[in-house]
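In what follows, a structure is listed as C-alpha cells, so that the remarks can point back to it.
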Protein chains: 2
Amino acid sequence: MVLEIAQRARDAALKLANESESKKNAAILKLARMLRENSKLILEANEKDLKKAETGGMSKAMLERLALSDKKIEAMARGAEEVAKLPDPVGKVISSNTRPNGLLINKVRTPIGVIGIIYESRPNVTVDCAILCLKSGNAAILRGGSEAFNSNSALAAIISKALEESGMDPHSVQMIPTSDRSALSELLKLDRYIDCIIPRGGEGLIRFTVENSTIPVIKHYKGVCTVYVDKFADAGLSEKLTVNAKCQRPSVCNAAENLLVHKDSAESLLPKIAKALADRGVELRASKRAGDILDNASIKFSAASDEDFSTEYTDLIISIDIADSIDSAIDFINKYGSGHSDLIITQDAARAEKFMNGVDSSSVYWNASTRFTDGFEFGLGAEIGISTDKLHARGPMGLEELCSYKYKILGSGQIRT
Amino acid sequence: MVLEIAQRARDAALKLANESESKKNAAILKLARMLRENSKLILEANEKDLKKAETGGMSKAMLERLALSDKKIEAMARGAEEVAKLPDPVGKVISSNTRPNGLLINKVRTPIGVIGIIYESRPNVTVDCAILCLKSGNAAILRGGSEAFNSNSALAAIISKALEESGMDPHSVQMIPTSDRSALSELLKLDRYIDCIIPRGGEGLIRFTVENSTIPVIKHYKGVCTVYVDKFADAGLSEKLTVNAKCQRPSVCNAAENLLVHKDSAESLLPKIAKALADRGVELRASKRAGDILDNASIKFSAASDEDFSTEYTDLIISIDIADSIDSAIDFINKYGSGHSDLIITQDAARAEKFMNGVDSSSVYWNASTRFTDGFEFGLGAEIGISTDKLHARGPMGLEELCSYKYKILGSGQIRT
C-alpha cells in the first residue's frame, strides 16, 4: 500500500512540476473555500480524536495542540490564501552563464519532487504542508500521528477533492491511511520514489526517521538557544532582549533556554536580568559561579546540571552560566546548543562579528531577540519549518527552500574533444 | 578510534571555518610543492599496493586506476595550484534583506563543517578531495579503499605535514587508518560530529553508505544518459552528437548509454547514426522496433532487454529504442534514466523546452553533447563529483556546493511582540 502511494506520488510529481502558477493557485484557493464550507465535518472528525485522546489520558497541552476550532480552520483557509499570493518559485533562472564554446547554461529552480512529511499532533500541519508543497510544485506524502487520525483523514479527503475539482492529479497530496510504525519504516526506504523526508515533531520521532530512512532527511530538530551577555553589553538591552527571548513564547524552538554572562558584566548585570526573569515566573537554574552571584543578590535559583545546558525546556525555565571570555562563550554554544538561534548582546561591533562567525548556528543575532527566527519574520512569506541541518536548507524553510534546481544547457552542436 | 577522528575533525572544522583565504591558499600551495618533492616516496607506497593488487588478480582497468606515476602526481600538484587560484566561497553575502522593523538579515555562505568522503581505487581522489574541502573551509575525513591503502596513507601523511607547517590544524584532513567495513559503519553513525557524507564509487558502495548512514549523504550515483533524436532533428547534428556522447570517453558517467529515436525520424536517421557508432566499434543493442529498422539497413545488433535500458555500460555499448512521441521519450528517460544528463536533438525550440522541463535530470541538453556535465565545463572551476540527488547540490559540485549558509541578523534592540 505504501509502495503504491509512493509510485502514484512520483507520477503526480512529474506532472505537478510543469503545472502553471495560475492552476496551482486556483487549487489552493478552492481548498481554502472548501475548508470553510466543510468546517462542521472537520470538527466532527476532530471531536472523535479528542474523545479518544481524553479517554487515553492525553495531557492538557497535547489536547490543545490536537483540538481544532472554527477559528483554527479559518486560520488554515487564510494561510492558504496567503500562500496563493506568494510568487511561484518554480522555473526561475537562478543564474545564467555563457561558456567560451557558446554553450548557454541556465540554472533553473525546479520542485524537489516527492516530499514525505512526518509529523505529530497538530492536524493543521496537514493543510499547511500540503499547500506549501503544492505551491512549490512538489507532491506530498503526509504521515500524521495516530492521535489525529480522524482529523487528518477528513482534511486529506478535502484536499484530494479540491485537487480533483481543479483538474489536478489528486495524488499530488496523499495521506498514509494508517499510523502503523511498520508503514512508516516501509515509507522511509522508498528512495526510488521519494526525494526528501521532513520530520516535524519530538526528538524520538526525528531520531527514528534519521535511523530508518534511506531517503535524504531535513531535520527540524530542537532549539537550544543561548543569550550571551557580553562584557560590553548595554544593561537595558540585556534585560529587554533576554526577557523577550525567554518569556514571549517559551513553548517554541526559537525561545532562549540558556543565559550566559561575561564574567566582567556578571556582578552588575546578572542580578537585574535574573530578577526580571523571576518576576515573570521563570525558574532559574544556575552553575556554581552564576549561583554565587544570585545568592549575593538574594535571588532564588536551583543548581543547573551539565545536562540542563543542552535541554530544550519549552517552558519558563532558564539555565545560567558565566563565560570567562567571548571565546569560551562561543565554545559553550557550539558544545551545548543545537545550532538553531543564538544571540550576543554587545555594543562592540568587532566582538559581535567574532561571535556571529564563530557560533555554528543557522541564525546568529546581534542585539535582537532570538524569537525572530521564523519564515515570516525573515520575509520568506511562509515556512514549512526551521532546519537545524546544514545541507540544502538551514534555518527557516520557505517555498524556495522546498525547491531544487536543474541545469538547462542550450547548444548549437557543441561536442567535447 | 573513528570516534576520536570525528571529534577532532569537528574541532578542526570550527577553526577552519574562520581561517583566512590567504592562509588556506598557502597550505594548498605548500601541499603542491610537497607532492612534487615526495614523489618518490608516494610511488614507493603505490608500488606496494600495485603488487598486492596484481597478486590478488585485479583487472587491468582497475590496476590502471590504482597506479600513480610522476605524471599523475604532477597533475595533482597542478590541480592544487588551480584550486588555490579560485575565489574563496566562504563569507560571501548571498542575499541581504532589511525588514520593516529594521532588522538587517544577511544570508552568508559558510562551510558545511565536517565532510566524510568514501571512495575507491584512485589514490589521487585523496588529494583532490582534501584540497577542495580545505579551500571551502571544511574538515575532511577520508576513507579510501583497501586496495589503495599504502598510497592513501603516504598522501595523507604529506597533507597533514603541509597543514602543520602552514600553521593549520593537521586534523583538518584525516584518513581512516583502516579499510575495515565496521569502521565505516561506525563512521556513518557519527551524525553528531559529521555533517555530510559523499560516497564516490560503485553502486554497492553507494548503497551500503545510504543504508547505513544517519548522516546526510550526497550521492554521486551512476549516469544512465539518453540521447533523444526528435522528429525535427538535424541529421548531421544527430550523428555528430550521438557519436560524441557515446564514444568520446565511454568510461565516464556523462557518456550516453541509450539512444532513442522518434518514430518519424527513425527510418531516415537511425541507420546513419547506428552505422557511425558501429564504425567506431560500438556494440548495438536494439528493441524489436529499432532492430527491424537496423535489420532493413543490414546493420548488426543484438536484442536489448528491459534491463539494458537502465544499465550504465561505461563501455562501447549502446541500447536503442524508438519513441512514439516526445512525451513517450520523456517518460522513457524518467523511467530508465538515472537523473544525470539527457539530450534532445531537435530544430524545434518549443519541443526542446518541453523536453528540458519534462525530463527530471540534473542536466538537460538541447543540441549539445551530454559529455559537458562537468564542474570545469560548467565554469565552476573545480568539481568534487556530480550529484544525482536533488537536495543541496544537483549536478556538478564545485566549491560553492561544498558550502552551507547561515543568517547573521543585525539588530538594535528589536523584540517580538
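Each chain of the C-alpha cells is named A, B, ... in the order shown, its residues numbered from 1; ligands are numbered from 1 in display order.
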
Just need chain B moved onto chain A: least-squares over all Cα atoms matched in order, then output as a short mmCIF file (atom, residue, chain, number, x, y, z; two decimals) with C-alpha atoms, in the first residue's frame.
data_model
loop_
_atom_site.label_atom_id
_atom_site.label_comp_id
_atom_site.auth_asym_id
_atom_site.auth_seq_id
_atom_site.Cartn_x
_atom_site.Cartn_y
_atom_site.Cartn_z
CA MET B 1 0.01 -0.01 0.01
CA VAL B 2 2.76 2.43 0.96
CA LEU B 3 4.60 1.44 -2.22
CA GLU B 4 1.61 2.30 -4.41
CA ILE B 5 1.20 5.63 -2.65
CA ALA B 6 4.84 6.45 -3.35
CA GLN B 7 4.60 5.40 -7.01
CA ARG B 8 1.49 7.48 -7.54
CA ALA B 9 3.19 10.41 -5.81
CA ARG B 10 6.17 10.15 -8.18
CA ASP B 11 3.84 10.17 -11.21
CA ALA B 12 1.91 13.10 -9.77
CA ALA B 13 5.16 14.99 -9.06
CA LEU B 14 6.31 14.73 -12.67
CA LYS B 15 3.02 16.32 -13.79
CA LEU B 16 2.91 18.86 -10.96
CA ALA B 17 6.40 20.13 -11.81
CA ASN B 18 5.02 21.62 -15.01
CA GLU B 19 1.67 22.93 -13.80
CA SER B 20 1.14 26.65 -14.26
CA GLU B 21 1.20 29.09 -11.38
CA SER B 22 -2.44 30.02 -12.00
CA LYS B 23 -3.62 26.42 -11.91
CA LYS B 24 -1.76 25.74 -8.66
CA ASN B 25 -3.16 28.92 -7.12
CA ALA B 26 -6.70 28.07 -8.23
CA ALA B 27 -6.44 24.71 -6.47
CA ILE B 28 -5.11 26.34 -3.30
CA LEU B 29 -7.91 28.93 -3.27
CA LYS B 30 -10.50 26.25 -3.90
CA LEU B 31 -9.12 24.35 -0.94
CA ALA B 32 -9.44 27.47 1.24
CA ARG B 33 -13.12 27.74 0.28
CA MET B 34 -13.75 24.05 0.86
CA LEU B 35 -12.17 24.16 4.31
CA ARG B 36 -14.64 26.85 5.34
CA GLU B 37 -17.59 25.03 3.74
CA ASN B 38 -16.71 21.75 5.43
CA SER B 39 -15.81 23.07 8.85
CA LYS B 40 -18.60 21.10 10.53
CA LEU B 41 -17.40 17.82 9.04
CA ILE B 42 -13.79 18.60 10.07
CA LEU B 43 -14.78 19.44 13.63
CA GLU B 44 -16.81 16.24 13.91
CA ALA B 45 -13.80 14.19 12.89
CA ASN B 46 -11.62 16.16 15.30
CA GLU B 47 -14.13 15.49 18.09
CA LYS B 48 -13.61 11.75 17.60
CA ASP B 49 -9.87 12.16 18.01
CA LEU B 50 -10.29 14.37 21.07
CA LYS B 51 -12.62 11.89 22.77
CA LYS B 52 -10.22 9.06 22.21
CA ALA B 53 -7.28 11.16 23.41
CA GLU B 54 -9.10 12.23 26.56
CA THR B 55 -9.99 8.62 27.35
CA GLY B 56 -6.35 7.73 26.76
CA GLY B 57 -5.29 10.34 29.31
CA MET B 58 -3.58 12.82 26.95
CA SER B 59 -2.05 15.86 28.68
CA LYS B 60 -3.85 19.19 28.49
CA ALA B 61 -1.08 20.79 26.42
CA MET B 62 -1.27 17.97 23.87
CA LEU B 63 -5.05 18.14 23.77
CA GLU B 64 -4.81 21.83 22.96
CA ARG B 65 -2.51 21.11 20.05
CA LEU B 66 -4.85 18.41 18.78
CA ALA B 67 -8.04 20.45 19.09
CA LEU B 68 -9.41 22.24 16.03
CA SER B 69 -11.94 25.06 16.15
CA ASP B 70 -13.74 27.34 13.70
CA LYS B 71 -11.01 29.86 14.41
CA LYS B 72 -8.22 27.40 13.58
CA ILE B 73 -10.00 26.30 10.40
CA GLU B 74 -10.37 29.93 9.36
CA ALA B 75 -6.64 30.39 10.06
CA MET B 76 -5.82 27.43 7.77
CA ALA B 77 -8.00 28.88 5.02
CA ARG B 78 -6.40 32.32 5.39
CA GLY B 79 -2.95 30.72 5.41
CA ALA B 80 -3.80 29.06 2.09
CA GLU B 81 -4.90 32.38 0.62
CA GLU B 82 -1.64 33.98 1.73
CA VAL B 83 0.42 31.23 0.08
CA ALA B 84 -1.56 31.65 -3.15
CA LYS B 85 -0.38 35.29 -3.21
CA LEU B 86 3.31 34.40 -2.91
CA PRO B 87 5.43 34.28 -6.08
CA ASP B 88 5.84 30.84 -7.64
CA PRO B 89 9.48 29.78 -7.12
CA VAL B 90 9.47 27.19 -9.92
CA GLY B 91 11.07 27.94 -13.27
CA LYS B 92 13.04 30.98 -12.14
CA VAL B 93 16.53 31.27 -13.64
CA ILE B 94 18.90 31.32 -10.66
CA SER B 95 21.99 32.03 -12.75
CA SER B 96 22.97 32.06 -16.37
CA ASN B 97 26.39 31.54 -17.88
CA THR B 98 27.61 31.52 -21.47
CA ARG B 99 30.74 29.40 -21.85
CA PRO B 100 33.61 30.19 -24.24
CA ASN B 101 32.36 27.41 -26.54
CA GLY B 102 28.97 29.13 -26.82
CA LEU B 103 27.03 26.80 -24.54
CA LEU B 104 24.39 28.71 -22.59
CA ILE B 105 24.00 27.13 -19.14
CA ASN B 106 20.90 28.18 -17.23
CA LYS B 107 20.50 27.06 -13.64
CA VAL B 108 16.74 26.89 -13.15
CA ARG B 109 14.71 26.33 -9.99
CA THR B 110 12.62 23.14 -10.01
CA PRO B 111 10.49 21.35 -7.43
CA ILE B 112 12.30 18.74 -5.35
CA GLY B 113 9.81 16.06 -6.44
CA VAL B 114 8.13 13.93 -3.79
CA ILE B 115 8.34 15.11 -0.19
CA GLY B 116 7.31 12.95 2.76
CA ILE B 117 6.27 14.84 5.87
CA ILE B 118 6.17 13.03 9.19
CA TYR B 119 4.49 14.90 11.99
CA GLU B 120 2.58 14.64 15.21
CA SER B 121 -0.49 16.04 16.90
CA ARG B 122 -1.45 19.28 15.19
CA PRO B 123 -3.89 18.50 12.34
CA ASN B 124 -3.44 21.94 10.78
CA VAL B 125 0.05 20.79 9.72
CA THR B 126 -1.77 18.57 7.20
CA VAL B 127 -3.15 21.60 5.38
CA ASP B 128 -0.15 23.89 5.86
CA CYS B 129 2.30 21.36 4.43
CA ALA B 130 0.02 20.29 1.60
CA ILE B 131 -0.32 23.89 0.44
CA LEU B 132 3.38 24.74 0.65
CA CYS B 133 4.27 21.57 -1.28
CA LEU B 134 1.61 22.25 -3.92
CA LYS B 135 2.70 25.83 -4.45
CA SER B 136 6.33 24.75 -4.85
CA GLY B 137 5.29 22.00 -7.29
CA ASN B 138 6.07 19.07 -5.01
CA ALA B 139 3.92 16.03 -4.45
CA ALA B 140 3.40 15.40 -0.74
CA ILE B 141 3.00 12.23 1.26
CA LEU B 142 1.68 13.07 4.70
CA ARG B 143 2.04 10.83 7.71
CA GLY B 144 0.48 12.33 10.80
CA GLY B 145 0.24 10.90 14.27
CA SER B 146 -2.31 8.27 15.31
CA GLU B 147 -3.87 10.69 17.78
CA ALA B 148 -5.03 12.95 14.90
CA PHE B 149 -6.02 10.21 12.52
CA ASN B 150 -9.67 11.14 12.01
CA SER B 151 -8.95 14.86 11.74
CA ASN B 152 -6.16 14.29 9.23
CA SER B 153 -8.28 11.90 7.17
CA ALA B 154 -11.08 14.44 6.92
CA LEU B 155 -8.65 17.17 5.86
CA ALA B 156 -6.87 14.91 3.36
CA ALA B 157 -10.19 13.99 1.75
CA ILE B 158 -11.00 17.68 1.29
CA ILE B 159 -7.55 18.34 -0.19
CA SER B 160 -7.96 15.49 -2.69
CA LYS B 161 -11.35 16.79 -3.72
CA ALA B 162 -10.05 20.34 -4.18
CA LEU B 163 -7.24 18.99 -6.37
CA GLU B 164 -9.57 16.89 -8.46
CA GLU B 165 -12.06 19.69 -8.97
CA SER B 166 -9.18 21.93 -10.06
CA GLY B 167 -8.15 19.47 -12.76
CA MET B 168 -5.02 18.35 -10.93
CA ASP B 169 -3.88 14.87 -10.00
CA PRO B 170 -5.51 14.12 -6.62
CA HIS B 171 -2.45 12.03 -5.78
CA SER B 172 -0.40 15.23 -5.59
CA VAL B 173 -1.18 15.11 -1.86
CA GLN B 174 -1.72 11.74 -0.22
CA MET B 175 -2.04 10.65 3.34
CA ILE B 176 -0.71 7.34 4.67
CA PRO B 177 -4.01 5.85 5.86
CA THR B 178 -2.55 4.16 8.92
CA SER B 179 -0.40 5.22 11.82
CA ASP B 180 1.31 1.84 11.96
CA ARG B 181 5.06 2.26 12.54
CA SER B 182 5.85 -0.53 10.07
CA ALA B 183 4.17 1.52 7.32
CA LEU B 184 6.45 4.41 8.27
CA SER B 185 9.52 2.17 8.14
CA GLU B 186 8.47 0.99 4.69
CA LEU B 187 7.94 4.56 3.52
CA LEU B 188 11.39 5.62 4.68
CA LYS B 189 13.06 3.04 2.41
CA LEU B 190 11.33 4.13 -0.80
CA ASP B 191 14.22 6.31 -2.00
CA ARG B 192 13.44 5.31 -5.55
CA TYR B 193 10.24 7.37 -5.47
CA ILE B 194 10.59 9.84 -2.61
CA ASP B 195 13.19 12.62 -2.73
CA CYS B 196 13.07 14.13 0.73
CA ILE B 197 11.67 13.49 4.19
CA ILE B 198 10.86 16.29 6.61
CA PRO B 199 10.10 15.11 10.14
CA ARG B 200 8.39 17.59 12.43
CA GLY B 201 7.96 16.50 15.98
CA GLY B 202 9.71 15.33 19.10
CA GLU B 203 13.24 14.05 19.40
CA GLY B 204 12.10 10.41 19.34
CA LEU B 205 10.26 10.78 16.05
CA ILE B 206 13.18 12.60 14.43
CA ARG B 207 15.69 10.03 15.66
CA PHE B 208 13.52 7.18 14.39
CA THR B 209 13.26 8.87 11.00
CA VAL B 210 17.00 9.51 10.67
CA GLU B 211 17.92 6.00 11.73
CA ASN B 212 15.48 4.28 9.40
CA SER B 213 15.48 6.45 6.31
CA THR B 214 17.43 5.82 3.13
CA ILE B 215 15.80 9.00 1.78
CA PRO B 216 17.53 12.33 2.50
CA VAL B 217 16.09 13.87 5.66
CA ILE B 218 15.94 17.57 6.54
CA LYS B 219 15.74 17.72 10.29
CA HIS B 220 13.64 20.22 12.14
CA TYR B 221 15.23 19.49 15.43
CA LYS B 222 15.14 21.08 18.83
CA GLY B 223 16.13 24.64 19.62
CA VAL B 224 18.56 25.07 22.48
CA CYS B 225 19.15 28.80 22.06
CA THR B 226 21.55 30.87 24.15
CA VAL B 227 21.58 34.55 25.03
CA TYR B 228 25.16 35.72 25.62
CA VAL B 229 25.51 39.00 27.52
CA ASP B 230 28.93 40.31 26.61
CA LYS B 231 31.44 42.36 28.58
CA PHE B 232 30.34 45.41 26.58
CA ALA B 233 26.61 44.81 26.79
CA ASP B 234 24.10 47.57 27.34
CA ALA B 235 22.22 46.94 30.59
CA GLY B 236 18.77 47.90 29.32
CA LEU B 237 19.11 45.87 26.13
CA SER B 238 20.35 42.87 28.09
CA GLU B 239 17.29 42.77 30.25
CA LYS B 240 14.82 43.51 27.46
CA LEU B 241 16.23 41.00 24.96
CA THR B 242 16.72 38.18 27.47
CA VAL B 243 13.18 38.58 28.77
CA ASN B 244 11.76 38.61 25.25
CA ALA B 245 13.81 35.63 24.09
CA LYS B 246 12.78 33.58 27.12
CA CYS B 247 9.28 34.69 27.99
CA GLN B 248 7.43 35.94 24.93
CA ARG B 249 6.52 32.39 23.87
CA PRO B 250 8.51 29.82 25.83
CA SER B 251 6.97 26.79 24.10
CA VAL B 252 8.62 27.40 20.71
CA CYS B 253 12.01 26.37 19.36
CA ASN B 254 13.45 29.88 18.98
CA ALA B 255 12.91 30.74 22.64
CA ALA B 256 16.05 31.01 24.77
CA GLU B 257 16.98 28.16 27.10
CA ASN B 258 20.42 29.35 28.27
CA LEU B 259 21.74 32.66 29.58
CA LEU B 260 25.47 33.18 29.53
CA VAL B 261 27.02 36.30 31.04
CA HIS B 262 30.60 37.53 30.59
CA LYS B 263 32.44 37.47 33.92
CA ASP B 264 33.14 41.21 33.81
CA SER B 265 29.43 42.02 33.43
CA ALA B 266 28.09 39.32 35.67
CA GLU B 267 28.19 41.19 38.99
CA SER B 268 26.43 44.24 37.62
CA LEU B 269 24.06 42.74 35.01
CA LEU B 270 23.15 39.21 36.03
CA PRO B 271 21.12 40.13 39.15
CA LYS B 272 19.01 42.62 37.17
CA ILE B 273 18.33 40.20 34.31
CA ALA B 274 17.67 37.32 36.69
CA LYS B 275 15.24 39.39 38.71
CA ALA B 276 13.36 40.47 35.60
CA LEU B 277 13.07 36.80 34.55
CA ALA B 278 12.01 35.66 38.02
CA ASP B 279 9.39 38.41 38.12
CA ARG B 280 7.85 36.83 35.02
CA GLY B 281 7.75 33.42 36.69
CA VAL B 282 10.90 31.98 35.13
CA GLU B 283 12.60 29.23 37.13
CA LEU B 284 16.36 29.88 37.29
CA ARG B 285 18.92 27.08 37.20
CA ALA B 286 22.46 28.29 37.75
CA SER B 287 26.00 26.97 37.62
CA LYS B 288 28.12 27.32 40.78
CA ARG B 289 29.64 30.63 39.63
CA ALA B 290 26.37 32.13 38.46
CA GLY B 291 24.68 30.87 41.62
CA ASP B 292 27.16 32.69 43.86
CA ILE B 293 26.21 35.97 42.23
CA LEU B 294 22.49 35.24 42.50
CA ASP B 295 22.99 34.27 46.12
CA ASN B 296 24.63 37.60 46.87
CA ALA B 297 21.64 39.32 45.34
CA SER B 298 19.23 37.09 47.28
CA ILE B 299 17.65 35.69 44.13
CA LYS B 300 16.24 32.18 44.31
CA PHE B 301 17.59 29.51 41.98
CA SER B 302 18.34 25.81 41.77
CA ALA B 303 21.59 24.15 40.67
CA ALA B 304 21.98 23.55 36.94
CA SER B 305 23.36 20.19 35.83
CA ASP B 306 25.54 19.80 32.76
CA GLU B 307 22.54 18.25 31.02
CA ASP B 308 20.40 21.32 31.72
CA PHE B 309 22.55 23.37 29.38
CA SER B 310 21.60 21.20 26.41
CA THR B 311 17.93 20.85 27.36
CA GLU B 312 15.09 22.42 25.44
CA TYR B 313 12.69 23.25 28.23
CA THR B 314 9.94 24.80 26.08
CA ASP B 315 8.83 26.20 29.40
CA LEU B 316 9.54 29.09 31.77
CA ILE B 317 12.91 27.71 32.89
CA ILE B 318 16.38 29.06 32.06
CA SER B 319 19.90 27.75 32.70
CA ILE B 320 22.53 30.32 33.63
CA ASP B 321 26.34 30.25 33.45
CA ILE B 322 29.29 32.65 33.42
CA ALA B 323 31.70 32.95 30.46
CA ASP B 324 35.34 33.88 31.03
CA SER B 325 35.72 35.27 27.53
CA ILE B 326 33.91 35.62 24.24
CA ASP B 327 35.83 32.55 23.03
CA SER B 328 34.53 30.45 25.89
CA ALA B 329 31.02 31.74 25.17
CA ILE B 330 31.35 30.59 21.55
CA ASP B 331 32.72 27.21 22.67
CA PHE B 332 29.85 26.84 25.17
CA ILE B 333 27.23 27.42 22.47
CA ASN B 334 28.93 25.10 19.98
CA LYS B 335 29.05 22.43 22.67
CA TYR B 336 25.61 22.71 24.29
CA GLY B 337 23.48 24.43 21.65
CA SER B 338 21.50 22.82 18.86
CA GLY B 339 22.67 25.06 16.02
CA HIS B 340 19.39 26.96 15.95
CA SER B 341 19.45 30.60 17.10
CA ASP B 342 21.92 32.37 19.38
CA LEU B 343 22.35 35.95 20.43
CA ILE B 344 25.17 38.24 21.52
CA ILE B 345 24.29 41.43 23.33
CA THR B 346 27.18 43.88 23.00
CA GLN B 347 27.99 47.42 21.94
CA ASP B 348 31.25 46.25 20.32
CA ALA B 349 30.91 45.53 16.60
CA ALA B 350 34.13 43.52 16.32
CA ARG B 351 33.07 41.22 19.12
CA ALA B 352 29.62 40.83 17.59
CA GLU B 353 31.22 39.85 14.28
CA LYS B 354 33.50 37.37 16.03
CA PHE B 355 30.54 35.80 17.79
CA MET B 356 28.42 35.58 14.65
CA ASN B 357 31.29 33.95 12.74
CA GLY B 358 32.30 31.56 15.50
CA VAL B 359 28.89 30.27 16.57
CA ASP B 360 27.93 27.40 14.29
CA SER B 361 24.17 28.01 14.21
CA SER B 362 21.62 28.71 11.50
CA SER B 363 20.76 32.14 12.88
CA VAL B 364 23.17 34.31 14.86
CA TYR B 365 21.88 37.57 16.33
CA TRP B 366 23.46 40.79 17.41
CA ASN B 367 21.25 42.82 19.73
CA ALA B 368 17.90 41.35 18.70
CA SER B 369 15.70 38.63 20.17
CA THR B 370 16.18 35.02 19.02
CA ARG B 371 12.40 34.88 18.62
CA PHE B 372 12.72 36.29 15.09
CA THR B 373 13.93 33.01 13.58
CA ASP B 374 10.81 32.35 11.55
CA GLY B 375 9.96 32.23 7.85
CA PHE B 376 7.52 35.12 8.08
CA GLU B 377 9.82 37.31 10.17
CA PHE B 378 12.70 36.63 7.75
CA GLY B 379 10.49 37.72 4.85
CA LEU B 380 10.14 34.28 3.24
CA GLY B 381 6.35 34.66 3.25
CA ALA B 382 5.76 31.17 4.62
CA GLU B 383 7.54 28.41 6.47
CA ILE B 384 7.39 24.64 6.49
CA GLY B 385 9.70 24.56 9.49
CA ILE B 386 13.16 25.51 10.69
CA SER B 387 16.05 23.29 9.61
CA THR B 388 18.85 22.59 12.05
CA ASP B 389 20.73 20.76 9.29
CA LYS B 390 23.43 22.34 7.19
CA LEU B 391 22.67 20.67 3.88
CA HIS B 392 20.14 22.08 1.42
CA ALA B 393 18.29 24.34 3.84
CA ARG B 394 19.45 25.86 7.10
CA GLY B 395 17.13 27.88 9.31
CA PRO B 396 13.63 28.82 8.19
CA MET B 397 12.45 26.90 5.09
CA GLY B 398 10.12 28.73 2.76
CA LEU B 399 8.99 27.99 -0.79
CA GLU B 400 12.44 28.43 -2.35
CA GLU B 401 13.93 25.99 0.16
CA LEU B 402 11.31 23.46 -0.95
CA CYS B 403 12.92 23.60 -4.39
CA SER B 404 15.87 22.01 -6.15
CA TYR B 405 17.34 23.13 -9.47
CA LYS B 406 18.41 21.73 -12.80
CA TYR B 407 20.79 22.88 -15.48
CA LYS B 408 19.27 23.57 -18.90
CA ILE B 409 22.07 23.65 -21.44
CA LEU B 410 21.37 25.24 -24.82
CA GLY B 411 23.81 24.35 -27.54
CA SER B 412 24.32 24.58 -31.27
CA GLY B 413 26.08 21.30 -31.90
CA GLN B 414 28.93 21.54 -29.34
CA ILE B 415 30.89 18.36 -28.76
CA ARG B 416 33.67 17.62 -26.28
CA THR B 417 37.09 16.94 -27.70
#

Next item on the list: Identify, with DSSP run on backbone atoms, the residues in range 211-415 of chain B assigned to helix (DSSP H, G or I), and express the list as number ranges by chain.
Entry: B: 211-212, 235-247, 263-279, 288-296, 307-310, 326-336, 349-358, 370-372, 400-402
